[in-house]
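J.: See my_file27.txt below, with compact mmCIF, C-alpha atoms.
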```txt
# COMPACT_ATOMS: atom_id res chain seq x y z
CA MET A 13 198.71 419.43 138.33
CA ASP A 14 202.23 418.48 139.39
CA LEU A 15 204.18 416.98 136.47
CA ALA A 16 206.20 414.86 138.92
CA LEU A 17 202.99 413.16 140.02
CA LEU A 18 202.02 412.47 136.41
CA ARG A 19 205.48 411.09 135.65
CA THR A 20 205.21 408.72 138.60
CA PHE A 21 201.70 407.72 137.57
CA VAL A 22 202.72 406.93 133.97
CA THR A 23 205.71 404.92 135.19
CA VAL A 24 203.49 402.86 137.52
CA HIS A 25 200.96 402.38 134.72
CA ARG A 26 203.65 401.03 132.40
CA ALA A 27 205.42 398.97 135.05
CA GLY A 28 202.28 397.47 136.60
CA SER A 29 203.94 397.64 139.99
CA PHE A 30 204.80 400.26 142.59
CA THR A 31 208.00 398.40 143.41
CA ARG A 32 209.23 398.25 139.82
CA ALA A 33 208.23 401.88 139.19
CA ALA A 34 210.13 402.96 142.29
CA ALA A 35 213.29 401.29 140.98
CA LEU A 36 212.94 402.96 137.59
CA LEU A 37 212.32 406.39 139.14
CA GLY A 38 215.02 406.11 141.79
CA LEU A 39 212.45 406.57 144.56
CA SER A 40 211.38 404.51 147.52
CA GLN A 41 208.21 402.46 147.23
CA PRO A 42 206.48 404.49 150.01
CA ALA A 43 207.28 407.68 148.06
CA VAL A 44 205.70 406.28 144.91
CA THR A 45 202.65 405.09 146.87
CA SER A 46 202.31 408.51 148.48
CA GLN A 47 202.50 410.31 145.11
CA ILE A 48 199.85 408.07 143.56
CA ARG A 49 197.54 408.60 146.55
CA THR A 50 198.06 412.37 146.27
CA LEU A 51 197.13 412.29 142.58
CA GLU A 52 194.08 410.14 143.32
CA ARG A 53 192.93 412.63 145.97
CA GLN A 54 193.35 415.51 143.52
CA LEU A 55 191.31 413.71 140.87
CA GLY A 56 188.80 412.27 143.32
CA ARG A 57 188.97 408.88 141.59
CA PRO A 58 191.04 405.70 142.08
CA LEU A 59 193.65 405.17 139.39
CA PHE A 60 194.78 401.64 140.28
CA LEU A 61 193.35 398.51 141.82
CA ARG A 62 195.82 397.07 144.31
CA GLN A 63 196.38 393.31 143.92
CA ALA A 64 198.56 390.71 145.57
CA ARG A 65 201.15 391.10 142.81
CA GLY A 66 201.28 394.57 141.34
CA VAL A 67 198.46 396.90 140.35
CA THR A 68 195.86 397.07 137.58
CA PRO A 69 194.72 400.45 136.22
CA THR A 70 191.09 401.45 136.52
CA SER A 71 189.27 402.77 133.47
CA ILE A 72 190.04 406.31 134.66
CA GLY A 73 193.69 405.32 135.08
CA ASP A 74 193.86 403.97 131.54
CA GLU A 75 192.23 407.09 130.17
CA LEU A 76 194.63 409.40 132.02
CA ALA A 77 197.65 407.39 130.90
CA HIS A 78 196.47 407.49 127.30
CA LYS A 79 196.19 411.29 127.47
CA ALA A 80 199.25 412.10 129.58
CA ALA A 81 201.94 409.66 128.44
CA PRO A 82 202.56 411.10 124.93
CA HIS A 83 202.97 414.62 126.34
CA LEU A 84 205.36 413.48 129.07
CA ASP A 85 207.40 411.56 126.49
CA ALA A 86 207.49 414.69 124.34
CA LEU A 87 208.81 416.74 127.27
CA VAL A 88 211.57 414.16 127.79
CA GLU A 89 212.44 414.41 124.11
CA ILE A 90 212.63 418.20 124.30
CA THR A 91 214.88 417.98 127.34
CA GLU A 92 217.14 415.34 125.82
CA THR A 93 217.49 416.87 122.35
CA GLY A 94 217.24 420.57 123.08
CA LEU A 95 218.98 421.00 126.42
CA HIS A 96 221.42 418.10 126.48
CA ASP A 97 225.10 418.99 126.65
CA HIS A 98 226.62 417.20 123.66
CA SER A 99 230.09 417.53 125.14
CA SER A 100 229.22 414.75 127.57
CA LEU A 101 229.18 411.26 126.09
CA ARG A 102 226.07 409.22 126.81
CA THR A 103 226.38 405.53 127.64
CA LEU A 104 224.16 402.93 125.98
CA HIS A 105 223.62 399.77 128.00
CA LEU A 106 222.81 396.91 125.64
CA ALA A 107 221.78 393.37 126.58
CA GLY A 108 221.05 390.30 124.51
CA PRO A 109 221.92 386.70 123.72
CA LEU A 110 225.67 386.08 123.69
CA GLU A 111 226.38 384.94 120.15
CA PHE A 112 223.92 387.15 118.25
CA THR A 113 224.91 390.24 120.21
CA ALA A 114 228.62 389.53 119.76
CA GLU A 115 228.45 388.57 116.08
CA ARG A 116 225.76 390.94 114.84
CA ALA A 117 224.74 393.79 117.14
CA LEU A 118 228.04 394.91 118.64
CA PRO A 119 229.97 395.15 115.34
CA ALA A 120 227.13 397.27 113.94
CA LEU A 121 226.87 399.58 116.94
CA THR A 122 230.60 400.18 117.30
CA GLU A 123 230.37 402.21 114.09
CA LEU A 124 228.43 404.80 116.12
CA THR A 125 230.62 404.97 119.21
CA GLY A 126 233.20 407.28 117.68
CA GLU A 127 230.96 409.73 115.84
CA ASP A 128 231.57 413.35 116.84
CA GLY A 129 228.60 414.87 118.60
CA GLN A 130 226.35 411.88 118.00
CA GLY A 131 228.35 408.98 119.36
CA PHE A 132 227.95 407.20 122.66
CA ALA A 133 229.83 404.90 124.97
CA LEU A 134 228.71 401.29 124.82
CA ARG A 135 228.34 398.70 127.56
CA ALA A 136 227.07 395.18 126.82
CA SER A 137 225.86 392.27 128.90
CA PHE A 138 224.60 388.85 127.90
CA GLY A 139 221.77 386.60 129.04
CA ASN A 140 218.75 384.61 127.98
CA ALA A 141 215.45 386.28 127.06
CA GLU A 142 214.01 386.15 130.58
CA GLU A 143 217.13 387.61 132.21
CA THR A 144 217.47 390.28 129.55
CA LEU A 145 213.87 391.49 129.77
CA GLU A 146 213.92 391.49 133.57
CA GLY A 147 217.07 393.60 133.52
CA LEU A 148 215.55 396.01 131.02
CA SER A 149 212.38 396.32 133.11
CA ALA A 150 214.44 397.04 136.20
CA GLY A 151 216.35 399.81 134.43
CA HIS A 152 219.70 398.00 134.20
CA HIS A 153 219.71 398.19 130.37
CA ASP A 154 218.62 400.79 127.84
CA LEU A 155 218.11 398.51 124.86
CA ALA A 156 217.65 394.75 124.68
CA ILE A 157 217.68 392.09 121.99
CA SER A 158 215.33 389.24 122.84
CA THR A 159 213.96 386.09 121.25
CA ALA A 160 210.73 386.55 123.23
CA ARG A 161 208.18 389.33 122.73
CA PRO A 162 207.50 390.97 126.11
CA ARG A 163 204.03 391.46 127.52
CA GLY A 164 202.56 394.48 129.24
CA ALA A 165 202.90 398.22 128.72
CA LEU A 166 206.30 398.71 130.35
CA LEU A 167 208.29 397.37 127.39
CA THR A 168 207.89 398.05 123.67
CA ALA A 169 209.16 395.50 121.14
CA THR A 170 209.95 395.80 117.43
CA ALA A 171 210.70 392.79 115.24
CA LEU A 172 214.36 392.96 114.19
CA CYS A 173 215.09 389.93 111.99
CA ASP A 174 214.53 386.20 111.57
CA GLU A 175 217.24 383.64 112.17
CA GLU A 176 217.26 380.45 110.06
CA HIS A 177 218.37 377.25 111.77
CA VAL A 178 220.40 374.58 109.95
CA LEU A 179 221.06 370.96 110.88
CA VAL A 180 224.80 370.44 110.33
CA ALA A 181 227.60 367.95 110.92
CA ALA A 182 231.12 367.25 109.69
CA PRO A 183 231.30 365.69 106.17
CA ARG A 184 232.22 362.25 107.51
CA TRP A 185 228.89 362.01 109.34
CA ALA A 186 227.00 362.98 106.17
CA GLU A 187 228.84 360.26 104.25
CA GLN A 188 228.06 357.71 106.95
CA ILE A 189 224.31 358.36 107.18
CA GLY A 190 223.54 359.42 103.58
CA THR A 191 221.27 362.29 102.59
CA GLY A 192 217.93 360.67 103.48
CA ASP A 193 214.50 361.73 102.26
CA PRO A 194 213.74 365.35 103.23
CA ASP A 195 210.00 364.59 103.33
CA ARG A 196 210.29 361.79 105.85
CA LYS A 197 211.23 361.58 109.48
CA PRO A 198 214.97 361.22 110.15
CA GLU A 199 216.37 357.79 109.40
CA PRO A 200 217.60 355.61 112.28
CA SER A 201 221.18 356.35 111.25
CA LEU A 202 220.58 360.10 111.76
CA GLU A 203 219.12 359.44 115.20
CA GLN A 204 222.33 357.70 116.21
CA VAL A 205 224.60 360.65 115.45
CA PRO A 206 225.92 362.27 118.66
CA VAL A 207 224.40 365.64 119.52
CA VAL A 208 226.29 368.83 120.34
CA GLU A 209 224.21 371.45 122.18
CA VAL A 210 224.26 374.50 124.43
CA HIS A 211 222.17 372.92 127.22
CA GLU A 212 221.17 369.50 128.49
CA SER A 213 217.57 370.19 127.43
CA LEU A 214 218.71 370.32 123.77
CA PRO A 215 216.80 373.56 122.98
CA PHE A 216 217.98 373.98 119.37
CA VAL A 217 217.82 370.33 118.35
CA SER A 218 214.46 369.78 120.05
CA ARG A 219 212.94 372.84 118.36
CA TYR A 220 214.25 371.67 114.98
CA TRP A 221 212.97 368.10 115.42
CA ALA A 222 209.53 369.32 116.52
CA SER A 223 209.24 371.81 113.65
CA VAL A 224 210.64 369.68 110.81
CA PHE A 225 210.07 366.07 111.85
CA ASP A 226 207.17 366.45 114.31
CA SER A 227 209.04 364.29 116.80
CA ARG A 228 211.60 364.46 119.58
CA PRO A 229 215.32 363.78 119.15
CA ALA A 230 216.31 360.32 120.34
CA ALA A 231 219.99 360.93 121.05
CA PRO A 232 221.06 362.78 124.22
CA GLY A 233 223.64 365.54 124.23
CA THR A 234 227.13 364.10 123.93
CA VAL A 235 228.87 367.46 124.11
CA VAL A 236 227.15 370.33 125.93
CA VAL A 237 228.81 373.75 125.92
CA PRO A 238 226.99 377.08 126.55
CA ASP A 239 228.27 378.94 123.48
CA LEU A 240 227.08 378.34 119.91
CA ARG A 241 230.51 379.26 118.56
CA ALA A 242 232.03 376.49 120.65
CA VAL A 243 229.28 374.16 119.43
CA LEU A 244 230.32 374.91 115.85
CA ALA A 245 233.98 374.25 116.66
CA CYS A 246 233.05 370.86 118.14
CA VAL A 247 230.92 369.97 115.11
CA ILE A 248 233.78 370.87 112.76
CA ALA A 249 236.02 368.60 114.83
CA GLY A 250 233.57 365.73 114.25
CA ALA A 251 231.85 365.57 117.63
CA GLY A 252 228.39 365.11 116.09
CA LEU A 253 225.44 367.04 114.71
CA ALA A 254 224.06 370.37 115.84
CA VAL A 255 221.39 372.88 114.92
CA LEU A 256 222.96 376.29 114.37
CA PRO A 257 221.91 379.72 113.08
CA ARG A 258 222.84 379.98 109.42
CA TYR A 259 224.70 383.26 109.92
CA LEU A 260 226.98 381.54 112.42
CA CYS A 261 227.84 378.52 110.27
CA ALA A 262 227.60 380.07 106.77
CA LYS A 263 231.38 380.36 106.28
CA ALA A 264 231.94 376.81 107.58
CA LEU A 265 229.34 375.57 105.09
CA GLU A 266 231.05 377.45 102.25
CA ARG A 267 234.44 375.99 103.19
CA GLY A 268 233.00 372.49 103.49
CA ASP A 269 233.99 372.21 107.15
CA VAL A 270 230.38 371.22 107.85
CA VAL A 271 227.49 370.14 105.63
CA ALA A 272 223.73 370.46 105.98
CA LEU A 273 222.24 367.07 106.86
CA HIS A 274 218.73 368.17 105.95
CA GLU A 275 217.18 370.83 103.71
CA PRO A 276 213.51 371.25 104.69
CA ALA A 277 211.20 373.13 102.36
CA VAL A 278 210.43 375.58 105.18
CA PRO A 279 213.43 375.92 107.51
CA PRO A 280 212.81 376.66 111.20
CA LEU A 281 213.08 380.33 112.07
CA ARG A 282 213.52 382.27 115.27
CA THR A 283 212.60 385.96 115.51
CA TYR A 284 214.68 388.55 117.33
CA PHE A 285 213.07 391.64 118.84
CA LEU A 286 214.50 395.03 119.76
CA VAL A 287 213.01 396.01 123.11
CA VAL A 288 213.04 399.29 125.02
CA ARG A 289 211.19 400.63 128.04
CA THR A 290 208.17 402.50 126.76
CA GLY A 291 208.93 406.20 126.47
CA THR A 292 212.73 405.93 126.39
CA MET A 293 212.91 406.29 122.61
CA ALA A 294 212.78 410.01 123.36
CA MET A 295 216.42 409.70 124.38
CA PRO A 296 218.57 410.34 121.29
CA HIS A 297 221.29 407.76 121.97
CA ILE A 298 218.69 405.00 122.46
CA ALA A 299 216.68 406.03 119.40
CA ARG A 300 219.82 406.25 117.26
CA ALA A 301 221.05 402.80 118.30
CA HIS A 302 217.57 401.34 117.75
CA ASP A 303 217.36 402.81 114.25
CA TRP A 304 220.91 401.78 113.37
CA LEU A 305 220.33 398.16 114.36
CA GLN A 306 217.15 398.04 112.28
CA ARG A 307 219.06 399.30 109.26
CA ALA A 308 221.85 396.78 109.82
CA ALA A 309 219.34 393.95 110.23
CA SER A 310 217.96 394.60 106.75
CA GLU A 311 221.25 393.20 105.43
CA TRP A 312 221.31 390.24 107.81
CA CYS A 313 218.06 388.63 106.65
```
Write out the structure in this file as structure tokens.
T.:
Amino acid sequence: MDLALLRTFVTVHRAGSFTRAAALLGLSQPAVTSQIRTLERQLGRPLFLRQARGVTPTSIGDELAHKAAPHLDALVEITETGLHDHSSLRTLHLAGPLEFTAERALPALTELTGEDGQGFALRASFGNAEETLEGLSAGHHDLAISTARPRGALLTATALCDEEHVLVAAPRWAEQIGTGDPDRKPEPSLEQVPVVEVHESLPFVSRYWASVFDSRPAAPGTVVVPDLRAVLACVIAGAGLAVLPRYLCAKALERGDVVALHEPAVPPLRTYFLVVRTGTMAMPHIARAHDWLQRAASEWC
């Protein structure tokens, strides 16, 4: 049996789409369709059920993928590790949320970029979870950091770390509203504090209010800027309250530039995931970056 046909089949099985598989393989969609039909004729059984959007594997298709995929991944690993010319520098394309990637992931990974024989060039792009996972699925990235766990067989996710969220404001706001009762809903004075956020929908503040107070925030966004670091700068300047990741505002809290307005018994958390296309961990530069970020994350939590 032609290994190229099996490779195309496994890619379609993981992608759930001829179109997406074609993009990942660098082939045209008709070529992918033709290869799958050839393999189906050789086996005498249908491997996929064609649907309006994508394809669904038959039981035979699932069985073949389960048997063939590990061996194809192993062949890729042999090729990458045994035959790869180490004199050529591989490029790792990383994608993730702006602030976390800039403050956490990139500083950790740059330690690997200069290593003799094992280093790699690094390229980074930023986006929300949906954009990042779509780009990874389409083959634009090698490794992604996402706040959403992907579905389907094309992508494989590993929990990286949890991010604690803190309700903060400049000291003058804390003095004005008082500490309040942590077991009760926010006092009216807290509801009147201006809100600083990254989007008009108030994603961080709304998530915090729903998790801690079981309610919605009353105040609209007074300052909206699409960068959490800029949000912190505005809060320090006295623009209002914000919900920020603790790692991002920890130094400001230590200096007293901002104070925590609320200390819930169980603080809201958000989980980050490391995501790769299934099978690509056979590539040494991707596997090394994946492992290195996991090690670094053990010190972030």
J.: Interatomic distance between CA of Gly252 in chain A and CA of Ala186 in chain A?
T.: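 Answer for the CA of Gly252 in chain A to CA of Ala186 in chain A separation: 10.2 Å.
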J.: State, in Å with one decimal place, the distance from CA of Val22 in chain A to CA of Gly108 in chain A.
T.: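 That distance, rounded to one decimal, is 26.5 Å.
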J.: Using only C-alpha atoms, can you tell me which of A:Gly164, A:Gly233, A:Gly73, A:Pro183 comes closest to Gly250 in chain A?
T.: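 Closest candidate: A:Pro183.
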J.: For Gln188 in chain A, please output as a ChimeraX atom specification all residues within 10 Å (counting only C-alpha atoms; exclusion window: fewer than 4 positions along the same chain).
T.: /A:183-184,201-202,205
J.: Grab the residues selected above and save them as a PDB file, keeping the file's coordinate frame with C-alpha atoms.
T.:
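To be explicit, this is the file written out as selection.pdb:
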```pdb
ATOM      1  CA  PRO A 183     231.300 365.690 106.170  1.00  0.00           C
ATOM      2  CA  ARG A 184     232.220 362.250 107.510  1.00  0.00           C
ATOM      3  CA  SER A 201     221.180 356.350 111.250  1.00  0.00           C
ATOM      4  CA  LEU A 202     220.580 360.100 111.760  1.00  0.00           C
ATOM      5  CA  VAL A 205     224.600 360.650 115.450  1.00  0.00           C
TER       6      VAL A 205
END
```
J.: Restricting the calculation to only C-alpha atoms: of A:Phe132, A:Trp312, A:Phe285, A:Trp185, which residue gets closest to Thr144 in chain A?
T.: A:Phe285
J.: At what distance in Å, to one decimal, does CA of Ala107 in chain A lie from CA of Gly139 in chain A?
T.: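 Separating CA of Gly139 in chain A from CA of Ala107 in chain A is a distance of 7.2 Å.
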J.: Which residues are close to Val236 in chain A, i.e. within 6 Å by all atoms listed in the file, leaving aside same-chain residues fewer than 4 positions away? Reply as a list of chain:residue names.
T.: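 Selected residues are A:Val208, A:Glu209, A:Val210, A:His211.
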J.: Show which residues sit within 9 Å of Leu134 in chain A, as a list in words. Count all atoms listed in the file, and ignore same-chain residues fewer than 4 positions away.
T.: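 Returned residues: Arg102, Thr103, Leu104, His105, Leu106, Leu118, Leu121, Thr122 and Thr125 of chain A.
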J.: Which is closer to Ser149 in chain A than all the others in A:Thr23, A:Gln41, A:Thr234, A:Thr70, using only C-alpha atoms?
T.: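 Among the listed residues, the smallest separation from Ser149 in chain A belongs to A:Thr23.
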J.: Select, from A:Ile48, A:Ala34, A:Val243, A:Leu15, the residue with the minimum atom-to-atom distance to Val88 in chain A, counting only C-alpha atoms.
T.: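 Residue with the minimum atom-to-atom distance to Val88 in chain A: A:Leu15.
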J.: Counting all atoms listed in the file, which residues sit no farther than 12 Å from the position (191.4, 409.8, 141.0) in the file's frame? I'd like them as a PyMOL selection string.
T.: chain A and resi 18+21+47-61+69-76
J.: Nearest residue to Gly28 in chain A out of A:Pro280, A:Pro42, A:Pro82, A:Gly66, using all atoms listed in the file?
T.: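 The shortest atom-to-atom distance to Gly28 in chain A comes from A:Gly66.
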